[in-house]
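Shown below: query-v8.txt, with compact mmCIF, C-alpha atoms and all ligand atoms.
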```txt
# COMPACT_ATOMS: atom_id res chain seq x y z
CA MET A 1 -70.22 44.08 49.38
CA ARG A 2 -71.89 40.74 48.78
CA ILE A 3 -73.23 38.13 51.20
CA GLY A 4 -73.62 34.36 50.85
CA THR A 5 -74.88 31.50 52.99
CA GLY A 6 -73.90 27.82 53.13
CA TYR A 7 -75.44 24.73 54.67
CA ASP A 8 -74.34 21.10 54.62
CA VAL A 9 -75.04 17.79 56.38
CA HIS A 10 -73.03 14.56 56.53
CA LYS A 11 -73.93 11.25 58.13
CA LEU A 12 -71.95 9.89 61.11
CA VAL A 13 -70.67 6.33 60.60
CA GLU A 14 -68.14 3.95 62.07
CA GLY A 15 -64.74 3.54 60.44
CA ARG A 16 -64.30 7.13 59.21
CA LYS A 17 -62.26 9.99 60.65
CA LEU A 18 -64.07 13.05 61.97
CA ILE A 19 -62.53 16.00 60.14
CA LEU A 20 -63.92 19.46 60.90
CA GLY A 21 -62.31 22.69 59.74
CA GLY A 22 -59.29 20.69 58.61
CA VAL A 23 -58.77 19.32 62.15
CA GLU A 24 -58.98 15.60 62.95
CA VAL A 25 -61.22 15.53 66.00
CA PRO A 26 -60.94 12.38 68.16
CA HIS A 27 -64.31 10.59 68.16
CA THR A 28 -65.78 7.09 67.84
CA LEU A 29 -67.61 8.03 64.60
CA GLY A 30 -66.66 10.00 61.49
CA LEU A 31 -68.49 11.68 58.63
CA LEU A 32 -69.33 9.83 55.43
CA GLY A 33 -68.77 11.51 52.05
CA HIS A 34 -67.02 11.36 48.69
CA SER A 35 -64.36 13.74 50.02
CA ASP A 36 -63.16 13.81 53.65
CA ALA A 37 -66.73 15.02 54.39
CA ASP A 38 -65.57 18.12 56.29
CA VAL A 39 -69.07 19.48 56.73
CA LEU A 40 -67.81 22.76 58.22
CA LEU A 41 -65.53 23.59 55.29
CA HIS A 42 -68.29 22.56 52.86
CA ALA A 43 -70.71 25.08 54.39
CA ILE A 44 -67.98 27.76 54.37
CA MET A 45 -67.13 27.08 50.70
CA ASP A 46 -70.80 27.28 49.72
CA ALA A 47 -71.14 30.60 51.58
CA ILE A 48 -68.08 31.99 49.75
CA LEU A 49 -69.21 30.69 46.34
CA GLY A 50 -72.74 31.99 46.97
CA ALA A 51 -71.48 35.46 47.86
CA ALA A 52 -69.37 35.53 44.70
CA GLY A 53 -72.26 34.27 42.55
CA LEU A 54 -70.21 31.23 41.54
CA GLY A 55 -72.63 28.39 42.29
CA ASP A 56 -71.84 25.69 44.85
CA ILE A 57 -69.28 23.00 45.68
CA GLY A 58 -71.15 20.30 43.74
CA LYS A 59 -70.72 22.42 40.60
CA HIS A 60 -66.97 22.89 41.08
CA PHE A 61 -66.13 19.48 42.62
CA PRO A 62 -68.69 16.91 41.39
CA ASP A 63 -69.03 13.80 43.58
CA THR A 64 -69.01 11.73 40.37
CA ASP A 65 -65.37 12.76 39.77
CA GLU A 66 -62.83 10.26 41.13
CA ALA A 67 -60.33 13.10 41.49
CA TYR A 68 -62.23 14.22 44.59
CA ARG A 69 -62.55 10.81 46.28
CA GLY A 70 -61.13 11.15 49.79
CA ILE A 71 -59.74 14.60 49.05
CA SER A 72 -59.00 16.97 51.91
CA SER A 73 -61.57 19.76 51.91
CA MET A 74 -58.69 22.11 52.80
CA LYS A 75 -57.52 21.55 49.19
CA LEU A 76 -61.00 22.38 47.91
CA LEU A 77 -61.08 25.53 50.05
CA GLU A 78 -57.70 26.55 48.65
CA HIS A 79 -59.18 26.25 45.15
CA VAL A 80 -62.24 28.32 46.16
CA GLY A 81 -59.87 30.99 47.54
CA ALA A 82 -58.04 31.12 44.21
CA LEU A 83 -61.35 31.42 42.33
CA LEU A 84 -62.29 34.36 44.55
CA ALA A 85 -59.04 36.16 43.77
CA ASP A 86 -59.55 35.50 40.03
CA HIS A 87 -62.96 37.17 40.26
CA GLY A 88 -61.60 40.20 42.15
CA TYR A 89 -63.07 39.46 45.58
CA VAL A 90 -61.58 39.40 49.06
CA VAL A 91 -63.21 37.92 52.17
CA GLY A 92 -64.63 40.47 54.62
CA ASN A 93 -65.56 37.91 57.25
CA ILE A 94 -66.87 34.38 57.71
CA ASP A 95 -69.11 33.19 60.53
CA ALA A 96 -70.02 29.52 60.83
CA THR A 97 -71.74 27.11 63.21
CA VAL A 98 -71.21 23.36 63.58
CA ILE A 99 -74.27 21.55 64.92
CA ALA A 100 -73.15 18.41 66.73
CA GLN A 101 -74.40 16.64 69.84
CA GLN A 102 -70.94 15.15 70.35
CA PRO A 103 -68.00 15.47 70.63
CA LYS A 104 -67.26 18.75 72.41
CA LEU A 105 -65.62 20.91 69.77
CA ARG A 106 -64.54 23.92 71.83
CA PRO A 107 -60.94 22.64 72.30
CA TYR A 108 -60.48 22.47 68.50
CA ILE A 109 -62.22 25.65 67.35
CA SER A 110 -59.14 27.92 67.37
CA ARG A 111 -57.24 25.48 65.15
CA MET A 112 -60.19 25.34 62.75
CA GLU A 113 -60.28 29.15 62.57
CA GLU A 114 -56.52 29.27 61.97
CA ASN A 115 -56.79 26.66 59.20
CA VAL A 116 -59.54 28.55 57.36
CA ALA A 117 -57.74 31.90 57.73
CA SER A 118 -54.38 30.56 56.59
CA VAL A 119 -55.66 28.75 53.49
CA LEU A 120 -57.65 31.83 52.43
CA GLY A 121 -54.77 34.20 53.24
CA ILE A 122 -56.85 36.28 55.64
CA SER A 123 -56.50 37.26 59.27
CA VAL A 124 -57.84 34.88 61.92
CA ASP A 125 -60.05 37.66 63.28
CA GLN A 126 -62.01 37.50 60.01
CA VAL A 127 -63.10 33.94 60.81
CA ASN A 128 -65.48 32.94 63.60
CA ILE A 129 -66.53 29.36 64.22
CA LYS A 130 -69.09 28.26 66.77
CA ALA A 131 -70.52 24.93 67.92
CA THR A 132 -73.90 24.06 69.31
CA THR A 133 -75.95 20.99 70.10
CA GLU A 134 -79.61 20.67 69.26
CA GLU A 135 -80.32 19.47 72.79
CA HIS A 136 -80.74 15.80 71.74
CA LEU A 137 -83.45 16.75 69.21
CA GLY A 138 -83.56 15.73 65.54
CA PHE A 139 -80.86 13.90 63.54
CA THR A 140 -77.96 15.81 65.05
CA GLY A 141 -79.38 15.26 68.53
CA ARG A 142 -79.62 11.51 67.87
CA GLU A 143 -75.98 11.64 66.66
CA GLU A 144 -76.94 10.37 63.21
CA GLY A 145 -75.13 13.26 61.54
CA ILE A 146 -73.50 16.66 61.88
CA SER A 147 -74.64 19.79 60.07
CA SER A 148 -73.06 23.17 59.57
CA GLN A 149 -74.18 26.62 58.53
CA ALA A 150 -72.01 29.53 57.36
CA VAL A 151 -72.29 33.12 56.25
CA CYS A 152 -69.63 35.01 54.28
CA LEU A 153 -69.28 38.67 53.43
CA LEU A 154 -67.14 39.51 50.40
CA GLU A 155 -65.74 42.82 49.28
CA SER A 156 -64.69 43.59 45.76
CA PHE A 157 -60.89 43.94 45.67
CA TYR A 158 -61.29 47.50 44.46
CA GLU A 159 -63.29 48.63 47.52
CA SER A 160 -61.10 46.68 49.90
CA SER A 161 -58.53 48.26 52.19
CA VAL A 162 -56.16 45.48 51.03
CA ALA A 163 -55.38 47.49 47.90
CA VAL A 164 -52.45 49.87 48.50
CA ALA A 165 -50.91 52.43 46.11
CA ASP A 166 -47.23 52.13 45.17
CA SER A 167 -44.88 55.10 44.67
CA ALA A 168 -46.19 55.59 41.11
CA ASN A 169 -49.79 55.59 42.38
CA ARG A 170 -50.45 52.17 40.93
CA CYS A 171 -51.88 49.26 42.86
CA SER A 172 -49.06 47.39 44.58
CA SER A 173 -51.29 44.70 46.03
CA CYS A 174 -51.82 42.53 42.99
CA GLN A 175 -50.29 41.81 39.64
CA GLY A 176 -51.51 44.14 36.97
CA CYS A 177 -54.96 45.28 38.09
CA SER A 178 -56.13 48.68 36.86
CA LYS A 179 -57.16 50.19 40.19
CA GLU A 180 -56.57 53.95 40.26
CA PHE A 181 -55.86 55.93 43.44
N1 LIG A 201 -70.47 19.84 69.84
C1 LIG A 201 -70.42 20.94 70.64
C2 LIG A 201 -71.55 21.62 71.03
C3 LIG A 201 -71.44 22.71 71.85
N2 LIG A 201 -70.21 23.12 72.29
C4 LIG A 201 -70.06 24.27 73.21
O1 LIG A 201 -71.04 24.18 74.27
C5 LIG A 201 -71.82 25.37 74.34
C6 LIG A 201 -73.24 25.07 74.75
O2 LIG A 201 -73.88 24.31 73.73
P1 LIG A 201 -75.46 24.09 73.79
O3 LIG A 201 -75.83 23.38 72.52
O4 LIG A 201 -75.69 23.27 75.00
O5 LIG A 201 -76.10 25.44 73.86
C7 LIG A 201 -71.71 26.00 72.95
O6 LIG A 201 -71.88 27.40 72.99
C8 LIG A 201 -70.28 25.62 72.56
O7 LIG A 201 -69.35 26.52 73.14
C9 LIG A 201 -69.10 22.43 71.88
O8 LIG A 201 -67.96 22.78 72.25
N3 LIG A 201 -69.23 21.35 71.06
C1 LIG A 202 -67.31 17.75 48.50
C2 LIG A 202 -67.79 16.78 47.42
C3 LIG A 202 -66.58 16.49 46.51
O1 LIG A 202 -66.90 15.66 45.48
O2 LIG A 202 -68.23 15.53 47.95
P1 LIG A 202 -68.83 15.11 49.40
O3 LIG A 202 -67.72 14.85 50.37
O4 LIG A 202 -69.76 13.95 49.22
O5 LIG A 202 -69.61 16.36 50.00
P2 LIG A 202 -70.99 17.07 49.60
O6 LIG A 202 -71.31 18.03 50.70
O7 LIG A 202 -72.04 16.06 49.30
O8 LIG A 202 -70.59 17.98 48.34
C4 LIG A 202 -70.33 17.42 47.06
C5 LIG A 202 -68.91 17.40 46.55
O9 LIG A 202 -68.55 18.70 46.09
```
Written as structure tokens, that's how I'd like the structure from this file.
Ligand SMILES: Nc1ccn([C@@H]2O[C@H](COP(=O)(O)O)[C@@H](O)[C@H]2O)c(=O)n1
Ligand SMILES: C[C@@]1(CO)OP(=O)(O)OP(=O)(O)OC[C@H]1O
Amino acid sequence: MRIGTGYDVHKLVEGRKLILGGVEVPHTLGLLGHSDADVLLHAIMDAILGAAGLGDIGKHFPDTDEAYRGISSMKLLEHVGALLADHGYVVGNIDATVIAQQPKLRPYISRMEENVASVLGISVDQVNIKATTEEHLGFTGREEGISSQAVCLLESFYESSVAVADSANRCSSCQGCSKEF
């Protein structure tokens, strides 16, 4: 098993949508970034990439590349999921926290968890998302920005219970791996 952590911050500004976990959350301010600035998905991707030893989102999706201007971070997460599979890893679980004074995120958390689970092809009970304020302290407390932290546990495909033997005792869970049962 391998563990990774992620952390990200984006500034709150007028005239941008607030997208968190792939959900458009109604609010008077939104997050500024080269992409859709989904700070929650950015922290989750960095946790996944860190656990896999594959660097960070800036390495894979440089903010100097016009291809990523305004892109949905759900698309970036999909790409990170594919990279994981290529490297023989499956997600054990993800736990993340959004740190925001406003708005109240609780009504949207389930949809965020479902989005992350569905794009990564994992069960929703492998994803936990939380929200907290910082009690009006610091930049999140002053509503200047929103931050997010995440932790991800990965298992190698070969040690994962996802792998199942077919009738010829070969792995039926992927295309052509050499797992022996
Ligand atoms: N933006 C937020 C922040 C918090 N919540 C929920 O409120 C609970 C209490 O938060 P405190 O920061 O006052 O401890 C927290 O556990 C979340 O359930 C929220 O929905 N949105
Ligand atoms: C997501 C990327 C995509 O270009 O841009 P930003 O939305 O600016 O987000 P950041 O957290 O600064 O990470 C860098 C980039 O990977």
*Within 10 Å of region 49-64 of chain A, counting all atoms listed in the file, which residues show up once you throw out same-chain ones fewer than 4 positions away? Write them as a count of residues only, please.*
33
_My list of candidates is A:Ile48, A:Leu41, A:Leu20, A:Ala117. Which is closest to ligand LIG 201 (chain A) when distances are computed with only C-alpha atoms and all ligand atoms?_
A:Leu20
_Can you pull out every residue with an atom within 9 Å of ligand LIG 201 (chain A)? Use all atoms listed in the file and format it as a PyMOL selection string._
chain A and resi 98-109+130-135
*For CA of Ile129 (chain A) and CA of Asp65 (chain A), determine how far apart the two atoms are, in Å to one decimal place.*
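Taking CA of Ile129 (chain A) and CA of Asp65 (chain A), their separation equals 29.6 Å.
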*So, counting only C-alpha atoms and all ligand atoms, which residue among A:Glu24, A:Glu144, A:Asp8, A:Asp46 is closest to ligand LIG 202 (chain A)?*
A:Asp8
*Which of these, A:His27, A:Lys75, A:His136, A:Arg111, has the shortest distance to ligand LIG 202 (chain A) once you count all atoms listed in the file?*
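That would be A:Lys75, the residue with the smallest distance to ligand LIG 202 (chain A).
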*Have a look at A:Gly70, A:Gly30, A:Gly15, A:Gly21 and name the one nearest to ligand LIG 202 (chain A); count all atoms listed in the file.*
A:Gly70
*Which distance in Å separates atom O8 of ligand LIG 202 (chain A) and CA of Asn128 (chain A), to one decimal?*
22.0 Å
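Closest to ligand LIG 202 (chain A) among A:Val23, A:Glu78, A:Ser73, A:Ala150 is A:Ser73, based on all atoms listed in the file.
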*asked:* So that I can see what lies close to Ser72 (chain A), please list as an MDAnalysis selection string the residues with an atom at most 8 Å from it, counting all atoms listed in the file and leaving out residues fewer than 6 positions away in the same chain.
replied: chainID A and resid 22 35:36 38
*May I ask which of the residues A:Leu12, A:Ala67, A:Met112, A:Ala37 is the closest one to ligand LIG 202 (chain A), counting all atoms listed in the file?*
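Once distances to ligand LIG 202 (chain A) are computed over all atoms listed in the file, the minimum belongs to A:Ala37.
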Taking (-71.0, 14.5, 58.1) as a centre in this file's frame and 7 Å as the limit, can you find every polymer residue with an atom that close, using all atoms listed in the file, and give them as a tab-separated table (two decimals) with C-alpha atoms, in the coordinates of the input?
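Here's the written file point34.tsv:
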```
chain	number	residue	atom	x	y	z
A	9	VAL	CA	-75.04	17.79	56.38
A	10	HIS	CA	-73.03	14.56	56.53
A	11	LYS	CA	-73.93	11.25	58.13
A	12	LEU	CA	-71.95	9.89	61.11
A	31	LEU	CA	-68.49	11.68	58.63
A	32	LEU	CA	-69.33	9.83	55.43
A	37	ALA	CA	-66.73	15.02	54.39
A	38	ASP	CA	-65.57	18.12	56.29
A	39	VAL	CA	-69.07	19.48	56.73
A	145	GLY	CA	-75.13	13.26	61.54
A	146	ILE	CA	-73.50	16.66	61.88
A	147	SER	CA	-74.64	19.79	60.07
```
*For the atom pair CA of Ser123 (chain A) and CA of Asn93 (chain A), what is the interatomic distance in Å to one decimal place?*
9.3 Å
Give me region 105-120 of chain A with N, CA and C atoms filled in, as a compact mmCIF listing (two decimals), in the frame of the given file.
```txt
# COMPACT_ATOMS: atom_id res chain seq x y z
N LEU A 105 -66.53 20.37 70.79
CA LEU A 105 -65.62 20.91 69.77
C LEU A 105 -64.80 22.09 70.24
N ARG A 106 -65.21 22.69 71.35
CA ARG A 106 -64.54 23.92 71.83
C ARG A 106 -63.01 23.82 71.83
N PRO A 107 -62.42 22.69 72.26
CA PRO A 107 -60.94 22.64 72.30
C PRO A 107 -60.29 22.73 70.92
N TYR A 108 -61.05 22.53 69.86
CA TYR A 108 -60.48 22.47 68.50
C TYR A 108 -60.82 23.68 67.64
N ILE A 109 -61.69 24.55 68.17
CA ILE A 109 -62.22 25.65 67.35
C ILE A 109 -61.12 26.61 66.88
N SER A 110 -60.19 26.96 67.77
CA SER A 110 -59.14 27.92 67.37
C SER A 110 -58.33 27.37 66.20
N ARG A 111 -58.01 26.07 66.26
CA ARG A 111 -57.24 25.48 65.15
C ARG A 111 -58.03 25.50 63.86
N MET A 112 -59.34 25.27 63.95
CA MET A 112 -60.19 25.34 62.75
C MET A 112 -60.16 26.75 62.16
N GLU A 113 -60.30 27.76 63.04
CA GLU A 113 -60.28 29.15 62.57
C GLU A 113 -58.94 29.48 61.91
N GLU A 114 -57.85 29.02 62.53
CA GLU A 114 -56.52 29.27 61.97
C GLU A 114 -56.36 28.59 60.60
N ASN A 115 -56.88 27.37 60.48
CA ASN A 115 -56.79 26.66 59.20
C ASN A 115 -57.50 27.42 58.08
N VAL A 116 -58.74 27.86 58.38
CA VAL A 116 -59.54 28.55 57.36
C VAL A 116 -58.85 29.86 56.97
N ALA A 117 -58.40 30.61 58.00
CA ALA A 117 -57.74 31.90 57.73
C ALA A 117 -56.48 31.69 56.90
N SER A 118 -55.67 30.69 57.28
CA SER A 118 -54.38 30.56 56.59
C SER A 118 -54.57 30.12 55.15
N VAL A 119 -55.50 29.21 54.88
CA VAL A 119 -55.66 28.75 53.49
C VAL A 119 -56.27 29.85 52.61
N LEU A 120 -57.07 30.73 53.22
CA LEU A 120 -57.65 31.83 52.43
C LEU A 120 -56.76 33.08 52.43
```
